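Structure record follows, encoded as structure tokens.
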Amino acid sequence: MPPAAAFERRVLRSAAEHHYLRVRLELPDGGARPSVAQFKQLVVSALRELHGEVGAALPVDVLTYEEKTLSAILRVVSSGLVKLWSALTLLGFYQNRRCAFRVLQVKPCISISSCVIWQQ
Amino acid sequence: MVRFKNRYVLCEVVSEDPRCRQCIEDRAVGLAVRDAIGRVHGDYGLACCSISFTVKYLNAYTGTVLLRCRKDSYRLLCSALPFVRQLESRNQRYPCFLNTLHVGGTIRTCQKFLIQYNRRQLLMLLQNCTNEEERRCIQKSLLSCSLTEEQSQSGDEEDDDGTETD
């Protein structure tokens, strides 16, 4: 049985302007990996499918992207966090290949010192 | 907190093409609005607004449309109405746009607003009409428009004549 994950949560009172998500794209078939531009386009198209043009206009930035592991850190305005997270959850296909987004971490600020920290 | 609250959005279909009037029917308008919501707000918005969405009242002569939706999603509906660009019916499409006139909680408030609005529109038509014939027609309509409370609850809010001046 895997050990219980250590979990620590500190809540920050003032609302942060941006939220940062660490995500990983899973492409089970060993095909070509998307570049950073294609990755961003995938995120925007997921938003467009679920939330329309208004969702696609949400300011989302890809701060870091590793093509080898297909993991990235996304930044989004705090009011759009729910839209982005739900759109990533419901995305199923990339260029007709099955895929899935795994959201690993969500933080209101990028630095470790003064924000919500989830330790896994 | 037991009943479902609705919002009724009163709009006006404005088009340069006079043939657009024959295209104003509830199915065509409903499909056009749904399509616009789907484009602007995606699957989530479309599903949210479609819960209790229907075209409650339609007047092809004046181009008045009354839409109903849930109170929780009326903002999605109202923000998508400017994106309706054409009406399509029977394989004919005409460009048009929707003007939102009023948002009310019940059909009765929308009807009251529509009566006042149509009275003001008739007065404006009277000021703008060019020849004597039209002037007499409009004056007759103005003098005869009234809300009669009948047993069967059928209220005629305006007595608009068939001749359009625009």
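Each chain in the structure tokens gets a letter, A, B and so on, in the order shown; residues start at 1 in every chain, and ligands are counted from 1 in the order they appear.
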
At a cut-off of 12 Å, can you tabulate as CSV every residue of chain B near chain A together with its closest atom pair and the distance in Å to one decimal, using only C-alpha atoms and ordering rows by chain then number?
residue,atom,partner,partner_atom,distance
B:Asp35,CA,A:Gly52,CA,11.1
B:Ala36,CA,A:Gly52,CA,9.8
B:Ile37,CA,A:Gly52,CA,8.3
B:Gly38,CA,A:Gly52,CA,6.6
B:Arg39,CA,A:Gly52,CA,5.4
B:Val40,CA,A:Gly52,CA,4.6
B:His41,CA,A:Gly52,CA,4.0
B:Gly42,CA,A:Gly52,CA,3.5
B:Asp43,CA,A:Leu50,CA,4.9
B:Tyr44,CA,A:Leu50,CA,5.6
B:Gly45,CA,A:His51,CA,6.6
B:Leu46,CA,A:His51,CA,9.0
B:Ala47,CA,A:Leu50,CA,10.2
B:Cys48,CA,A:His51,CA,11.1
B:Leu76,CA,A:Val54,CA,10.4
B:Ser79,CA,A:Val54,CA,10.2
B:Ala80,CA,A:Val54,CA,10.0
B:Phe83,CA,A:Glu53,CA,11.0

Q: Could you give me, as a PyMOL selection string, each residue of chain A that DSSP assigns to strand (DSSP E) when run on this structure's backbone?
A: chain A and resi 18-26+60-66+71-77+93-94+97-98+100-107

Restricting the output to N, CA, C and O atoms, write the selected residues as a CSV table (one decimal), in the first residue's frame.
chain,number,residue,atom,x,y,z
A,18,HIS,N,-2.8,36.3,-9.9
A,18,HIS,CA,-2.7,35.1,-10.9
A,18,HIS,C,-2.6,33.8,-10.1
A,18,HIS,O,-2.2,33.8,-9.0
A,19,HIS,N,-3.0,32.8,-10.8
A,19,HIS,CA,-2.8,31.4,-10.2
A,19,HIS,C,-1.9,30.7,-11.2
A,19,HIS,O,-1.9,30.9,-12.4
A,20,TYR,N,-1.1,29.8,-10.6
A,20,TYR,CA,-0.1,29.1,-11.4
A,20,TYR,C,-0.5,27.6,-11.3
A,20,TYR,O,-0.7,27.1,-10.2
A,21,LEU,N,-0.5,27.0,-12.4
A,21,LEU,CA,-0.8,25.5,-12.5
A,21,LEU,C,0.4,24.8,-13.0
A,21,LEU,O,0.9,25.1,-14.1
A,22,ARG,N,0.7,23.7,-12.3
A,22,ARG,CA,1.7,22.8,-12.9
A,22,ARG,C,0.9,21.6,-13.5
A,22,ARG,O,0.2,20.9,-12.8
A,23,VAL,N,1.1,21.5,-14.8
A,23,VAL,CA,0.3,20.4,-15.5
A,23,VAL,C,1.2,19.5,-16.2
A,23,VAL,O,2.4,19.9,-16.6
A,24,ARG,N,0.7,18.3,-16.6
A,24,ARG,CA,1.5,17.4,-17.4
A,24,ARG,C,0.5,16.8,-18.4
A,24,ARG,O,-0.6,16.4,-18.0
A,25,LEU,N,0.9,16.8,-19.6
A,25,LEU,CA,0.1,16.3,-20.7
A,25,LEU,C,0.5,14.8,-20.9
A,25,LEU,O,1.7,14.5,-21.0
A,26,GLU,N,-0.5,13.9,-20.9
A,26,GLU,CA,-0.2,12.5,-21.1
A,26,GLU,C,-0.6,12.1,-22.5
A,26,GLU,O,-1.8,12.2,-22.8
A,60,VAL,N,-3.9,33.3,-20.8
A,60,VAL,CA,-3.2,32.2,-20.2
A,60,VAL,C,-1.8,32.2,-20.8
A,60,VAL,O,-1.6,32.4,-22.0
A,61,ASP,N,-0.8,32.1,-19.9
A,61,ASP,CA,0.6,32.1,-20.3
A,61,ASP,C,1.2,30.7,-20.0
A,61,ASP,O,1.0,30.2,-18.9
A,62,VAL,N,2.1,30.3,-20.9
A,62,VAL,CA,2.9,29.1,-20.6
A,62,VAL,C,4.2,29.6,-20.1
A,62,VAL,O,5.0,30.1,-20.9
A,63,LEU,N,4.5,29.5,-18.8
A,63,LEU,CA,5.7,30.0,-18.3
A,63,LEU,C,6.9,29.1,-18.6
A,63,LEU,O,7.9,29.6,-19.0
A,64,THR,N,6.7,27.8,-18.4
A,64,THR,CA,7.8,26.9,-18.7
A,64,THR,C,7.2,25.7,-19.4
A,64,THR,O,6.0,25.4,-19.2
A,65,TYR,N,8.0,25.0,-20.2
A,65,TYR,CA,7.5,23.9,-20.9
A,65,TYR,C,8.7,23.0,-21.2
A,65,TYR,O,9.7,23.4,-21.7
A,66,GLU,N,8.5,21.7,-20.8
A,66,GLU,CA,9.5,20.7,-21.1
A,66,GLU,C,8.9,19.7,-22.1
A,66,GLU,O,8.0,19.0,-21.8
A,71,SER,N,5.6,18.5,-19.5
A,71,SER,CA,5.0,19.2,-18.3
A,71,SER,C,5.2,20.7,-18.5
A,71,SER,O,6.2,21.1,-19.1
A,72,ALA,N,4.4,21.5,-17.9
A,72,ALA,CA,4.4,22.9,-18.1
A,72,ALA,C,3.9,23.6,-16.9
A,72,ALA,O,3.2,23.0,-16.0
A,73,ILE,N,4.2,24.9,-16.7
A,73,ILE,CA,3.6,25.7,-15.7
A,73,ILE,C,2.8,26.8,-16.4
A,73,ILE,O,3.3,27.5,-17.3
A,74,LEU,N,1.5,26.8,-16.1
A,74,LEU,CA,0.6,27.8,-16.8
A,74,LEU,C,0.3,28.9,-15.8
A,74,LEU,O,0.2,28.6,-14.6
A,75,ARG,N,0.1,30.1,-16.3
A,75,ARG,CA,-0.3,31.2,-15.4
A,75,ARG,C,-1.6,31.7,-16.0
A,75,ARG,O,-1.8,31.9,-17.2
A,76,VAL,N,-2.6,31.9,-15.1
A,76,VAL,CA,-3.9,32.4,-15.5
A,76,VAL,C,-4.4,33.4,-14.5
A,76,VAL,O,-4.0,33.4,-13.3
A,77,VAL,N,-5.2,34.4,-15.0
A,77,VAL,CA,-5.8,35.3,-14.1
A,77,VAL,C,-6.7,34.5,-13.1
A,77,VAL,O,-7.3,33.6,-13.4
A,93,PHE,N,-8.6,15.0,-26.8
A,93,PHE,CA,-8.0,14.6,-28.0
A,93,PHE,C,-7.0,15.7,-28.4
A,93,PHE,O,-7.3,16.9,-28.3
A,94,TYR,N,-5.8,15.3,-28.9
A,94,TYR,CA,-4.9,16.2,-29.5
A,94,TYR,C,-4.5,15.6,-30.9
A,94,TYR,O,-3.9,14.5,-31.0
A,97,ARG,N,-5.5,12.1,-31.4
A,97,ARG,CA,-4.8,11.1,-30.5
A,97,ARG,C,-5.4,11.4,-29.1
A,97,ARG,O,-5.5,12.5,-28.7
A,98,ARG,N,-5.6,10.3,-28.4
A,98,ARG,CA,-6.2,10.4,-27.1
A,98,ARG,C,-5.1,11.0,-26.2
A,98,ARG,O,-3.9,10.7,-26.2
A,100,ALA,N,-4.6,13.3,-22.1
A,100,ALA,CA,-5.2,13.7,-20.8
A,100,ALA,C,-4.3,14.7,-20.2
A,100,ALA,O,-3.1,14.6,-20.3
A,101,PHE,N,-4.9,15.7,-19.5
A,101,PHE,CA,-4.1,16.6,-18.8
A,101,PHE,C,-4.1,16.2,-17.3
A,101,PHE,O,-5.2,16.0,-16.7
A,102,ARG,N,-3.0,16.2,-16.7
A,102,ARG,CA,-2.9,15.9,-15.2
A,102,ARG,C,-2.5,17.2,-14.6
A,102,ARG,O,-1.5,17.7,-14.8
A,103,VAL,N,-3.4,17.7,-13.7
A,103,VAL,CA,-3.0,19.0,-13.0
A,103,VAL,C,-2.3,18.6,-11.7
A,103,VAL,O,-2.9,17.9,-10.8
A,104,LEU,N,-1.1,18.9,-11.5
A,104,LEU,CA,-0.3,18.4,-10.4
A,104,LEU,C,-0.3,19.4,-9.2
A,104,LEU,O,-0.4,19.0,-8.1
A,105,GLN,N,-0.2,20.7,-9.5
A,105,GLN,CA,-0.2,21.7,-8.5
A,105,GLN,C,-0.9,23.0,-8.9
A,105,GLN,O,-0.9,23.3,-10.1
A,106,VAL,N,-1.6,23.6,-8.0
A,106,VAL,CA,-2.2,24.9,-8.2
A,106,VAL,C,-1.8,25.8,-7.1
A,106,VAL,O,-2.0,25.5,-5.9
A,107,LYS,N,-1.1,26.9,-7.4
A,107,LYS,CA,-0.7,27.9,-6.4
A,107,LYS,C,-1.1,29.3,-6.8
A,107,LYS,O,-1.1,29.6,-8.0

**Q.** Shortest interatomic distance to Leu98 of chain B - which of B:Gln127, B:Gln86, B:Gln116, B:Ser144, counting only C-alpha atoms
**A.** B:Gln86

Using only C-alpha atoms, which protein or nucleic acid residues come within 12 Å of Tyr57 of chain B? Drop anything in the same chain fewer than 2 positions from it, and give the result as a PDB file with C-alpha atoms, in the first residue's frame.
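Below is the file result25.pdb, written as the result:
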ATOM      1  CA  TYR B   8     -37.405  37.338 -19.877  1.00  0.00           C
ATOM      2  CA  VAL B   9     -35.309  39.239 -22.403  1.00  0.00           C
ATOM      3  CA  LEU B  10     -37.208  41.465 -24.799  1.00  0.00           C
ATOM      4  CA  CYS B  11     -35.392  42.150 -28.047  1.00  0.00           C
ATOM      5  CA  GLU B  12     -36.091  43.632 -31.413  1.00  0.00           C
ATOM      6  CA  ILE B  24     -38.671  35.789 -38.198  1.00  0.00           C
ATOM      7  CA  GLU B  25     -40.116  32.666 -36.674  1.00  0.00           C
ATOM      8  CA  ASP B  26     -39.554  31.078 -33.308  1.00  0.00           C
ATOM      9  CA  ARG B  27     -37.481  28.145 -34.534  1.00  0.00           C
ATOM     10  CA  VAL B  29     -34.649  32.880 -33.892  1.00  0.00           C
ATOM     11  CA  GLY B  30     -34.151  30.176 -31.251  1.00  0.00           C
ATOM     12  CA  THR B  54     -37.455  29.183 -25.243  1.00  0.00           C
ATOM     13  CA  VAL B  55     -38.863  31.884 -27.459  1.00  0.00           C
ATOM     14  CA  ASN B  59     -44.155  39.441 -33.546  1.00  0.00           C
ATOM     15  CA  ALA B  60     -42.981  39.354 -37.119  1.00  0.00           C
ATOM     16  CA  THR B  62     -42.631  44.690 -35.403  1.00  0.00           C
ATOM     17  CA  GLY B  63     -39.754  42.247 -35.032  1.00  0.00           C
ATOM     18  CA  THR B  64     -40.286  41.863 -31.295  1.00  0.00           C
ATOM     19  CA  VAL B  65     -38.961  38.714 -29.678  1.00  0.00           C
ATOM     20  CA  LEU B  66     -39.324  37.609 -26.049  1.00  0.00           C
ATOM     21  CA  LEU B  67     -36.800  35.038 -24.872  1.00  0.00           C
ATOM     22  CA  ARG B  68     -36.867  33.174 -21.585  1.00  0.00           C
ATOM     23  CA  ILE B 107     -43.864  38.256 -18.805  1.00  0.00           C
ATOM     24  CA  CYS B 110     -42.103  42.867 -20.220  1.00  0.00           C
ATOM     25  CA  GLN B 111     -45.575  43.363 -21.602  1.00  0.00           C
ATOM     26  CA  LEU B 114     -43.570  46.803 -24.528  1.00  0.00           C
TER      27      LEU B 114
END

Q: Go through chain A and collect every residue that DSSP, computed from the backbone, puts in helix (DSSP H, G or I); the answer should be as a ChimeraX atom specification.
A: /A:36-56,78-89

Only C-alpha atoms, please: the residues just picked out, written as a PDB file, in the first residue's frame.
ATOM      1  CA  VAL A  36       5.490  24.915 -26.959  1.00  0.00           C
ATOM      2  CA  ALA A  37       3.409  26.807 -29.535  1.00  0.00           C
ATOM      3  CA  GLN A  38       1.311  23.734 -30.240  1.00  0.00           C
ATOM      4  CA  PHE A  39       0.913  23.175 -26.529  1.00  0.00           C
ATOM      5  CA  LYS A  40      -0.402  26.691 -26.038  1.00  0.00           C
ATOM      6  CA  GLN A  41      -2.708  26.236 -28.980  1.00  0.00           C
ATOM      7  CA  LEU A  42      -3.991  23.028 -27.427  1.00  0.00           C
ATOM      8  CA  VAL A  43      -4.762  24.822 -24.158  1.00  0.00           C
ATOM      9  CA  VAL A  44      -6.532  27.664 -25.975  1.00  0.00           C
ATOM     10  CA  SER A  45      -8.524  25.253 -28.115  1.00  0.00           C
ATOM     11  CA  ALA A  46      -9.609  23.370 -24.998  1.00  0.00           C
ATOM     12  CA  LEU A  47     -10.844  26.654 -23.552  1.00  0.00           C
ATOM     13  CA  ARG A  48     -12.591  27.527 -26.793  1.00  0.00           C
ATOM     14  CA  GLU A  49     -14.409  24.210 -26.883  1.00  0.00           C
ATOM     15  CA  LEU A  50     -15.735  24.388 -23.352  1.00  0.00           C
ATOM     16  CA  HIS A  51     -16.077  28.112 -22.796  1.00  0.00           C
ATOM     17  CA  GLY A  52     -16.332  29.580 -26.296  1.00  0.00           C
ATOM     18  CA  GLU A  53     -14.677  32.705 -27.615  1.00  0.00           C
ATOM     19  CA  VAL A  54     -14.843  34.318 -24.184  1.00  0.00           C
ATOM     20  CA  GLY A  55     -12.904  31.410 -22.728  1.00  0.00           C
ATOM     21  CA  ALA A  56     -10.386  31.389 -25.547  1.00  0.00           C
ATOM     22  CA  SER A  78      -7.401  34.177 -10.796  1.00  0.00           C
ATOM     23  CA  SER A  79     -10.937  34.756 -12.013  1.00  0.00           C
ATOM     24  CA  GLY A  80     -10.314  32.345 -14.865  1.00  0.00           C
ATOM     25  CA  LEU A  81      -8.830  29.498 -12.845  1.00  0.00           C
ATOM     26  CA  VAL A  82     -12.037  27.460 -12.769  1.00  0.00           C
ATOM     27  CA  LYS A  83     -12.551  27.863 -16.516  1.00  0.00           C
ATOM     28  CA  LEU A  84      -8.999  26.818 -17.332  1.00  0.00           C
ATOM     29  CA  TRP A  85      -8.968  23.860 -14.948  1.00  0.00           C
ATOM     30  CA  SER A  86     -12.321  22.564 -16.188  1.00  0.00           C
ATOM     31  CA  ALA A  87     -11.274  22.974 -19.812  1.00  0.00           C
ATOM     32  CA  LEU A  88      -8.032  21.063 -19.237  1.00  0.00           C
ATOM     33  CA  THR A  89      -9.917  18.326 -17.413  1.00  0.00           C
TER      34      THR A  89
END

Q.
Report, in Å to a single decimal, how far apart atom CA of Leu142 of chain B and atom CA of Thr130 of chain B are.
A. 17.0 Å

Q: Find the distance between atom CA of Ser52 of chain B and atom CA of Pro82 of chain B and write it in Å to one decimal.
A: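 Answer for the atom CA of Ser52 of chain B to atom CA of Pro82 of chain B separation: 20.4 Å.
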
Q) Which one is closest to Cys109 of chain A: A:Ala32, A:Leu27, A:Ala16, A:Leu58? Count only C-alpha atoms. A) A:Ala16

Q. If you measure from atom CA of Leu143 of chain B to atom CA of Arg119 of chain B, what distance in Å do you get, rounded to one decimal?
A.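 A separation of 10.4 Å between them.
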
**Q.** Contacts of Glu88 of chain B at 9 Å (only C-alpha atoms; same-chain gap of 6+ positions) as a ChimeraX atom specification
**A.** /B:23-24,28-29,31-32,94-95
